[in-house]
>>> print(open('data-v4.txt').read())   # compact mmCIF, C-alpha atoms
# COMPACT_ATOMS: atom_id res chain seq x y z
CA MET A 283 73.82 67.81 79.00
CA LYS A 284 72.16 70.84 77.45
CA LEU A 285 73.05 72.28 74.06
CA THR A 286 72.05 75.83 73.14
CA ALA A 287 71.92 76.66 69.44
CA ILE A 288 72.09 80.37 68.58
CA VAL A 289 70.46 81.18 65.24
CA PRO A 290 70.76 84.78 63.95
CA CYS A 291 67.90 85.55 61.56
CA TYR A 292 67.39 88.42 59.16
CA ASN A 293 64.53 87.96 56.68
CA GLU A 294 64.68 84.15 56.89
CA GLU A 295 60.96 83.35 56.84
CA ALA A 296 61.42 80.79 54.04
CA ALA A 297 64.39 78.98 55.62
CA ILE A 298 63.46 78.73 59.31
CA PRO A 299 60.91 75.86 59.02
CA TYR A 300 63.44 73.72 57.11
CA PHE A 301 66.19 74.51 59.61
CA HIS A 302 64.01 73.78 62.63
CA GLU A 303 62.94 70.42 61.24
CA GLU A 304 66.51 69.41 60.40
CA ILE A 305 68.11 70.35 63.71
CA ALA A 306 65.30 68.66 65.64
CA ARG A 307 65.93 65.49 63.63
CA VAL A 308 69.68 65.60 64.31
CA ILE A 309 69.34 66.26 68.06
CA SER A 310 66.77 63.44 68.40
CA GLY A 311 69.54 61.07 67.32
CA MET A 312 71.86 62.26 70.10
CA PRO A 313 70.61 60.59 73.32
CA GLY A 314 71.23 62.32 76.62
CA LEU A 315 71.31 65.76 75.02
CA THR A 316 68.57 68.37 75.43
CA LEU A 317 68.22 71.28 73.03
CA GLU A 318 67.62 74.98 73.60
CA LEU A 319 67.07 76.98 70.42
CA ILE A 320 67.55 80.74 70.61
CA TYR A 321 66.42 82.52 67.47
CA ILE A 322 67.70 86.10 67.26
CA ASN A 323 65.44 88.22 65.06
CA ASP A 324 67.76 90.93 63.78
CA GLY A 325 65.16 93.50 62.76
CA SER A 326 63.63 91.40 59.98
CA LYS A 327 61.15 93.04 57.61
CA ASP A 328 59.28 89.85 56.66
CA ARG A 329 57.38 87.24 58.74
CA THR A 330 60.51 85.87 60.45
CA LEU A 331 59.40 86.85 63.96
CA GLU A 332 55.87 85.51 63.42
CA ILE A 333 57.21 82.14 62.31
CA ILE A 334 59.56 81.98 65.29
CA LYS A 335 56.67 82.74 67.66
CA GLU A 336 54.62 79.98 66.06
CA LEU A 337 57.48 77.54 66.63
CA ALA A 338 57.77 78.70 70.25
CA VAL A 339 54.10 77.87 70.83
CA LYS A 340 54.55 74.36 69.42
CA ASP A 341 58.00 73.65 70.89
CA SER A 342 58.92 74.64 74.46
CA HIS A 343 62.62 74.41 73.56
CA VAL A 344 62.33 77.44 71.28
CA LYS A 345 63.34 80.82 72.69
CA TYR A 346 63.60 84.08 70.82
CA LEU A 347 64.97 87.56 71.20
CA SER A 348 63.86 90.27 68.80
CA PHE A 349 65.88 93.45 68.21
CA SER A 350 64.34 96.91 67.93
CA ARG A 351 66.07 97.26 64.54
CA ASN A 352 68.75 95.61 62.43
CA PHE A 353 71.98 95.63 64.48
CA GLY A 354 73.87 93.10 62.37
CA LYS A 355 74.90 89.48 62.71
CA GLU A 356 77.74 90.24 65.14
CA ALA A 357 75.30 91.82 67.60
CA ALA A 358 72.96 88.85 67.16
CA ILE A 359 75.75 86.41 67.99
CA TYR A 360 76.68 88.39 71.08
CA ALA A 361 73.04 88.52 72.26
CA GLY A 362 72.75 84.77 71.82
CA LEU A 363 75.96 84.08 73.75
CA GLN A 364 74.76 86.31 76.60
CA ASN A 365 71.49 84.45 76.95
CA ALA A 366 72.64 80.89 76.26
CA SER A 367 72.21 78.61 79.26
CA GLY A 368 73.55 75.37 77.76
CA ASP A 369 76.65 73.44 78.78
CA LEU A 370 77.51 73.53 75.09
CA VAL A 371 76.71 76.42 72.75
CA ALA A 372 76.50 76.34 68.96
CA ILE A 373 76.29 79.23 66.48
CA MET A 374 74.43 78.37 63.28
CA ASP A 375 72.86 80.06 60.26
CA ALA A 376 69.20 79.43 59.50
CA ASP A 377 69.76 78.84 55.78
CA LEU A 378 71.24 75.34 56.35
CA GLN A 379 74.59 76.37 54.88
CA ASP A 380 75.84 75.29 58.31
CA PRO A 381 74.84 71.59 58.18
CA PRO A 382 73.29 70.42 61.49
CA SER A 383 74.51 66.94 60.54
CA LEU A 384 77.99 68.02 61.73
CA LEU A 385 76.77 68.51 65.31
CA PRO A 386 77.34 64.87 66.40
CA LYS A 387 80.98 65.06 65.27
CA MET A 388 81.38 68.41 67.03
CA TYR A 389 79.83 66.98 70.17
CA GLN A 390 82.21 64.02 70.06
CA ALA A 391 85.22 66.31 69.61
CA ILE A 392 84.39 68.28 72.77
CA VAL A 393 82.94 65.63 75.07
CA GLU A 394 85.05 62.63 74.11
CA GLU A 395 88.22 64.10 72.62
CA GLY A 396 88.64 67.00 75.05
CA TYR A 397 88.58 69.96 72.66
CA ASP A 398 87.16 73.29 73.84
CA SER A 399 85.44 73.97 70.53
CA ALA A 400 84.75 72.34 67.20
CA ALA A 401 84.43 74.55 64.14
CA ALA A 402 83.49 74.05 60.51
CA ARG A 403 85.39 75.24 57.46
CA ARG A 404 84.49 74.98 53.80
CA VAL A 405 86.97 73.23 51.53
CA ASP A 406 85.46 74.75 48.39
CA ARG A 407 83.32 77.69 47.31
CA LYS A 408 81.06 76.09 44.74
CA GLY A 409 78.13 78.29 43.80
CA GLU A 410 79.93 81.55 44.59
CA PRO A 411 80.95 84.08 41.91
CA PRO A 412 84.64 83.52 41.01
CA ILE A 413 85.63 87.13 41.74
CA ARG A 414 84.05 86.91 45.19
CA SER A 415 85.88 83.66 45.96
CA TRP A 416 89.18 85.18 44.83
CA PHE A 417 88.79 88.20 47.09
CA ALA A 418 87.79 85.96 50.01
CA ARG A 419 90.95 83.87 49.69
CA LEU A 420 93.01 87.04 49.33
CA PHE A 421 91.50 88.39 52.54
CA TYR A 422 92.38 85.27 54.55
CA ARG A 423 95.96 85.23 53.22
CA MET A 424 96.42 88.91 54.01
CA MET A 425 94.90 88.63 57.49
CA ASN A 426 97.20 85.79 58.46
CA ARG A 427 100.20 87.81 57.31
CA ILE A 428 99.40 91.08 59.10
CA SER A 429 97.63 89.78 62.21
CA LYS A 430 98.88 87.71 65.14
CA THR A 431 95.43 86.10 65.37
CA GLU A 432 95.03 83.06 63.13
CA ILE A 433 91.94 83.07 60.92
CA VAL A 434 91.45 79.81 59.03
CA ASP A 435 90.62 80.08 55.33
CA GLY A 436 87.03 79.02 54.69
CA ALA A 437 86.11 79.22 58.37
CA ARG A 438 82.42 79.66 59.12
CA ASP A 439 80.84 81.15 62.22
CA PHE A 440 79.37 77.66 62.71
CA ARG A 441 81.00 76.10 65.76
CA LEU A 442 80.20 74.25 68.98
CA MET A 443 81.82 75.55 72.18
CA ASN A 444 82.04 74.54 75.80
CA ARG A 445 81.16 76.94 78.61
CA LYS A 446 84.76 78.06 79.21
CA TYR A 447 85.07 79.13 75.60
CA VAL A 448 81.75 81.01 75.68
CA ASP A 449 82.65 82.82 78.92
CA ALA A 450 85.94 83.93 77.35
CA LEU A 451 84.11 85.36 74.34
CA LEU A 452 81.71 87.25 76.61
CA GLN A 453 84.64 89.00 78.28
CA MET A 454 85.24 90.71 74.92
CA SER A 455 82.42 93.23 75.09
CA GLU A 456 83.65 95.75 72.53
CA TYR A 457 81.16 97.49 70.26
CA ASN A 458 83.08 96.78 67.03
CA ARG A 459 82.98 93.00 66.72
CA PHE A 460 84.60 90.58 64.28
CA SER A 461 83.75 87.08 65.47
CA LYS A 462 86.14 85.18 63.22
CA GLY A 463 89.02 87.07 64.81
CA MET A 464 87.61 86.76 68.33
CA PHE A 465 87.32 82.98 68.02
CA GLY A 466 91.05 82.79 67.31
CA TRP A 467 92.10 85.48 69.78
CA VAL A 468 90.70 83.74 72.89
CA GLY A 469 92.77 80.66 72.11
CA PHE A 470 91.79 77.23 73.52
CA GLU A 471 91.87 73.97 71.57
CA THR A 472 89.74 73.88 68.43
CA LYS A 473 89.09 70.95 66.13
CA TRP A 474 88.33 71.87 62.51
CA LEU A 475 85.80 69.85 60.55
CA GLU A 476 85.89 70.22 56.78
CA PHE A 477 82.82 70.11 54.56
CA GLU A 478 81.85 71.01 51.01
CA ASN A 479 79.95 74.21 50.37
CA VAL A 480 76.17 73.90 50.71
CA GLU A 481 73.68 76.09 48.85
CA ARG A 482 71.01 77.99 50.77
CA VAL A 483 67.87 75.92 51.34
CA ALA A 484 65.63 78.96 50.66
CA GLY A 485 65.75 82.73 50.41
CA GLU A 486 68.61 84.94 49.24
CA THR A 487 71.93 85.84 50.79
CA LYS A 488 72.06 89.13 52.70
CA TRP A 489 75.80 89.52 52.11
CA SER A 490 76.52 91.57 49.00
CA PHE A 491 80.07 92.05 47.74
CA TRP A 492 80.12 95.57 49.19
CA LYS A 493 78.96 94.38 52.64
CA LEU A 494 81.61 91.65 52.64
CA PHE A 495 84.24 94.22 51.66
CA LEU A 496 83.27 96.49 54.57
CA TYR A 497 83.25 93.47 56.90
CA SER A 498 86.78 92.57 55.78
CA ILE A 499 87.94 96.13 56.54
CA GLU A 500 86.36 95.73 59.99
CA GLY A 501 88.40 92.59 60.57
CA ILE A 502 91.68 94.13 59.39
CA VAL A 503 91.29 97.23 61.58
CA ASP A 504 90.07 95.29 64.62
CA PHE A 505 92.86 92.70 64.63
CA SER A 506 95.89 94.38 63.10
CA THR A 507 97.81 97.64 63.46
CA VAL A 508 99.90 96.95 60.34
CA PRO A 509 97.97 99.51 58.24
CA LEU A 510 99.09 102.22 60.67
CA ALA A 511 102.72 101.13 60.33
CA LEU A 512 102.28 100.96 56.56
CA ALA A 513 100.98 104.54 56.50
CA SER A 514 104.06 105.64 58.46
CA CYS A 515 106.40 103.80 56.08
CA VAL A 516 104.74 105.38 53.06
CA GLY A 517 105.13 108.80 54.67
CA VAL A 518 108.85 108.24 55.27
CA LEU A 519 109.28 106.95 51.70
CA MET A 520 107.54 109.98 50.20
CA CYS A 521 109.70 112.34 52.28
CA GLY A 522 112.80 110.57 51.02
CA LEU A 523 111.64 110.86 47.42
CA ALA A 524 110.90 114.55 47.94
CA VAL A 525 114.43 115.18 49.27
CA LEU A 526 115.94 113.34 46.29
CA ALA A 527 113.75 115.36 43.92
CA ILE A 528 114.90 118.64 45.51
CA ILE A 529 118.55 117.62 45.19
CA PHE A 530 117.97 116.64 41.56
CA ILE A 531 116.34 119.99 40.73
CA ILE A 532 119.15 121.98 42.39
CA VAL A 533 121.85 120.02 40.56
CA ARG A 534 120.05 120.34 37.23
CA GLN A 535 119.60 124.10 37.71
CA LEU A 536 123.28 124.56 38.53
CA LEU A 537 124.45 122.51 35.56
CA PHE A 538 121.91 123.22 32.83
CA GLY A 539 119.54 125.97 34.01
CA GLY A 540 115.89 126.18 32.85
CA SER A 541 114.39 124.35 35.81
CA ALA A 542 110.99 126.02 35.31
CA PHE A 543 109.89 123.63 32.57
CA GLY A 544 108.16 120.34 33.36
CA TRP A 545 105.19 121.68 35.28
CA PRO A 546 102.75 118.95 33.99
CA SER A 547 104.90 116.22 35.53
CA MET A 548 105.23 118.28 38.69
CA ALA A 549 101.44 118.62 38.88
CA CYS A 550 101.08 114.84 38.57
CA ILE A 551 103.58 114.32 41.38
CA VAL A 552 101.74 116.78 43.63
CA ILE A 553 98.41 115.05 42.96
CA PHE A 554 99.99 111.65 43.64
CA ILE A 555 101.46 112.76 46.94
CA GLY A 556 98.12 114.34 47.90
CA GLY A 557 96.41 111.02 47.21
CA VAL A 558 98.91 109.17 49.40
CA GLN A 559 98.30 111.68 52.19
CA LEU A 560 94.54 111.23 51.95
CA LEU A 561 94.98 107.44 52.01
CA CYS A 562 97.05 107.63 55.19
CA ILE A 563 94.55 110.02 56.77
CA GLY A 564 91.80 107.56 55.87
CA ILE A 565 93.66 104.72 57.60
CA LEU A 566 94.10 106.83 60.71
CA GLY A 567 90.43 107.82 60.53
CA SER A 568 89.33 104.18 60.46
CA TYR A 569 91.11 103.47 63.73
CA LEU A 570 90.00 106.74 65.29
CA SER A 571 86.35 106.14 64.34
CA ARG A 572 86.36 102.80 66.13
CA THR A 573 87.80 104.43 69.23
CA TYR A 574 85.06 107.05 68.98
CA LEU A 575 82.35 104.37 68.85
CA GLU A 576 83.87 102.41 71.74
CA VAL A 577 84.10 105.34 74.16
CA LYS A 578 80.40 106.12 73.68
CA HIS A 579 79.60 102.83 75.47
CA ARG A 580 76.39 102.38 73.52
CA PRO A 581 74.65 98.99 73.87
CA ILE A 582 75.57 96.42 71.26
CA TYR A 583 71.88 95.67 70.71
CA ILE A 584 68.46 96.70 72.03
CA CYS A 585 65.88 94.02 72.74
CA LYS A 586 62.30 94.78 71.73
CA GLU A 587 60.68 91.55 72.89
CA THR A 588 61.70 88.10 74.09
CA ASN A 589 60.35 84.97 75.74
CA LEU A 590 63.57 84.28 77.63
CA GLU A 591 63.00 83.91 81.37
CA VAL A 592 66.22 85.68 82.31
CA ARG A 593 67.71 88.33 80.10
CA LYS A 594 71.22 89.38 81.01
CA SER A 595 72.31 92.99 80.78
CA ASN A 596 74.10 93.99 77.58
>>> encode(input="data-v4.txt", output="structure tokens")
Amino acid sequence: MKLTAIVPCYNEEAAIPYFHEEIARVISGMPGLTLELIYINDGSKDRTLEIIKELAVKDSHVKYLSFSRNFGKEAAIYAGLQNASGDLVAIMDADLQDPPSLLPKMYQAIVEEGYDSAAARRVDRKGEPPIRSWFARLFYRMMNRISKTEIVDGARDFRLMNRKYVDALLQMSEYNRFSKGMFGWVGFETKWLEFENVERVAGETKWSFWKLFLYSIEGIVDFSTVPLALASCVGVLMCGLAVLAIIFIIVRQLLFGGSAFGWPSMACIVIFIGGVQLLCIGILGSYLSRTYLEVKHRPIYICKETNLEVRKSN
């Protein structure tokens, strides 16, 4: 049986040698399993591609695909899935925060226990800033409330999948991609393996708080239409309040007169309503912008160079 490991890389020159040594050690202890490593160079600015090429010269199991620029981790995952030839396919980070030591358990879950995929989830967030951990947990709780697709708290992109699962993911060829949601949307049987958070073996994280925030917005818009319904509800509520305010002003004028005073409070109300309107327009714009990007049918990634024998169309 052949296992393909997809490894997205962006400025990971310091981590790749450690990762390659560790996964080779783990696979060597799994008899009857051959390894195909596909490193996806996502427009790195350091020596990542050079190191990958050096590994490819030394190890015939190493394949690589280098993008023409940085297209993002989601595009890298999609490129790896397209070009994976293994019976089983794994997605892993190069920084060893996805422990290769879990692969034997994942392999057992699929081959012996009959699951379609085995995925890893962190049971803690040691080493992360507290505010970042709080927002992450809030995101997962909110997503599971507003979306029909289950997204497990602490879930990583690290998972092992059989060919049926991979083929199902490849049928989802949209430009705006949110893998954590896609993994749940396609269904199938998944076994979750828990592990404690692991620090990066080398280098620095590429995910700032702002990037994670934008990524969370991507997930909400891609897998829920609740924000659109919420915008409509807010609009109806504001109209109702406006009608009540008009009735109140008319009654007050008829009973007491002097309805011209109170313009500061009126100005605040107008500004508040304007802000609500802009918020709703922004929500609509987020959905519309994704439709705009989809109908362009631009490629998800552009390959600059590769040593893969067969490169599928993207």
>>> atom_distance(input="data-v4.txt", atom1="CA of Ile334 (chain A)", atom2="CA of Phe440 (chain A)")
20.4 Å
>>> atom_distance(input="data-v4.txt", atom1="CA of Lys387 (chain A)", atom2="CA of Gly469 (chain A)")
20.7 Å
>>> residues_around(input="data-v4.txt", residues="Leu519 (chain A)", least_positions_apart="6", cutoff="12 Å", atoms="only C-alpha atoms", output="list in words")
Leu512, Ala513, Val525, Leu526, Ile555, Val558 and Gln559 of chain A
>>> closest_residue(input="data-v4.txt", among="A:Arg445, A:Leu575, A:Ala296, A:Leu385", to="Gly311 (chain A)", atoms="all atoms listed in the file")
A:Leu385
>>> closest_residue(input="data-v4.txt", among="A:Leu560, A:Ile309, A:Leu566, A:Ile373", to="Ala358 (chain A)", atoms="only C-alpha atoms")
A:Ile373
>>> build_atoms(input="data-v4.txt", residues="region 512-536 of chain A", atoms="N, CA, C and O atoms", output="compact mmCIF listing (two decimals), in the frame of the given file")
# COMPACT_ATOMS: atom_id res chain seq x y z
N LEU A 512 102.12 100.78 58.01
CA LEU A 512 102.28 100.96 56.56
C LEU A 512 102.14 102.42 56.17
O LEU A 512 102.90 102.93 55.34
N ALA A 513 101.17 103.12 56.79
CA ALA A 513 100.98 104.54 56.50
C ALA A 513 102.23 105.33 56.89
O ALA A 513 102.66 106.23 56.17
N SER A 514 102.84 104.97 58.02
CA SER A 514 104.06 105.64 58.46
C SER A 514 105.21 105.38 57.49
O SER A 514 105.98 106.29 57.14
N CYS A 515 105.34 104.15 57.03
CA CYS A 515 106.40 103.80 56.08
C CYS A 515 106.24 104.55 54.77
O CYS A 515 107.22 105.03 54.18
N VAL A 516 105.00 104.64 54.30
CA VAL A 516 104.74 105.38 53.06
C VAL A 516 105.11 106.84 53.23
O VAL A 516 105.68 107.47 52.33
N GLY A 517 104.79 107.41 54.40
CA GLY A 517 105.13 108.80 54.67
C GLY A 517 106.63 109.03 54.63
O GLY A 517 107.12 109.99 54.03
N VAL A 518 107.39 108.13 55.27
CA VAL A 518 108.85 108.24 55.27
C VAL A 518 109.39 108.10 53.84
O VAL A 518 110.30 108.84 53.42
N LEU A 519 108.84 107.16 53.08
CA LEU A 519 109.28 106.95 51.70
C LEU A 519 109.05 108.20 50.84
O LEU A 519 109.92 108.62 50.08
N MET A 520 107.86 108.80 50.99
CA MET A 520 107.54 109.98 50.20
C MET A 520 108.44 111.15 50.57
O MET A 520 108.86 111.94 49.72
N CYS A 521 108.77 111.28 51.86
CA CYS A 521 109.70 112.34 52.28
C CYS A 521 111.07 112.13 51.65
O CYS A 521 111.73 113.08 51.20
N GLY A 522 111.51 110.88 51.65
CA GLY A 522 112.80 110.57 51.02
C GLY A 522 112.82 110.90 49.54
O GLY A 522 113.79 111.46 49.02
N LEU A 523 111.74 110.54 48.85
CA LEU A 523 111.64 110.86 47.42
C LEU A 523 111.63 112.36 47.19
O LEU A 523 112.22 112.86 46.22
N ALA A 524 110.95 113.09 48.08
CA ALA A 524 110.90 114.55 47.94
C ALA A 524 112.29 115.16 48.10
O ALA A 524 112.68 116.06 47.34
N VAL A 525 113.08 114.68 49.07
CA VAL A 525 114.43 115.18 49.27
C VAL A 525 115.29 114.89 48.04
O VAL A 525 116.05 115.75 47.56
N LEU A 526 115.18 113.69 47.49
CA LEU A 526 115.94 113.34 46.29
C LEU A 526 115.53 114.22 45.11
O LEU A 526 116.39 114.65 44.31
N ALA A 527 114.23 114.51 45.01
CA ALA A 527 113.75 115.36 43.92
C ALA A 527 114.31 116.78 44.05
O ALA A 527 114.70 117.40 43.05
N ILE A 528 114.35 117.29 45.28
CA ILE A 528 114.90 118.64 45.51
C ILE A 528 116.38 118.69 45.12
O ILE A 528 116.85 119.63 44.45
N ILE A 529 117.12 117.67 45.53
CA ILE A 529 118.55 117.62 45.19
C ILE A 529 118.73 117.57 43.67
O ILE A 529 119.59 118.26 43.09
N PHE A 530 117.88 116.76 43.01
CA PHE A 530 117.97 116.64 41.56
C PHE A 530 117.70 117.98 40.87
O PHE A 530 118.41 118.37 39.93
N ILE A 531 116.69 118.70 41.33
CA ILE A 531 116.34 119.99 40.73
C ILE A 531 117.47 121.01 40.91
O ILE A 531 117.82 121.76 39.99
N ILE A 532 118.05 121.04 42.11
CA ILE A 532 119.15 121.98 42.39
C ILE A 532 120.34 121.68 41.48
O ILE A 532 120.94 122.58 40.87
N VAL A 533 120.72 120.41 41.39
CA VAL A 533 121.85 120.02 40.56
C VAL A 533 121.59 120.36 39.10
O VAL A 533 122.47 120.89 38.39
N ARG A 534 120.37 120.05 38.63
CA ARG A 534 120.05 120.34 37.23
C ARG A 534 120.09 121.85 36.94
O ARG A 534 120.55 122.29 35.88
N GLN A 535 119.58 122.65 37.89
CA GLN A 535 119.60 124.10 37.71
C GLN A 535 121.03 124.63 37.65
O GLN A 535 121.35 125.50 36.82
N LEU A 536 121.89 124.09 38.51
CA LEU A 536 123.28 124.56 38.53
C LEU A 536 124.03 124.17 37.26
O LEU A 536 124.87 124.92 36.75
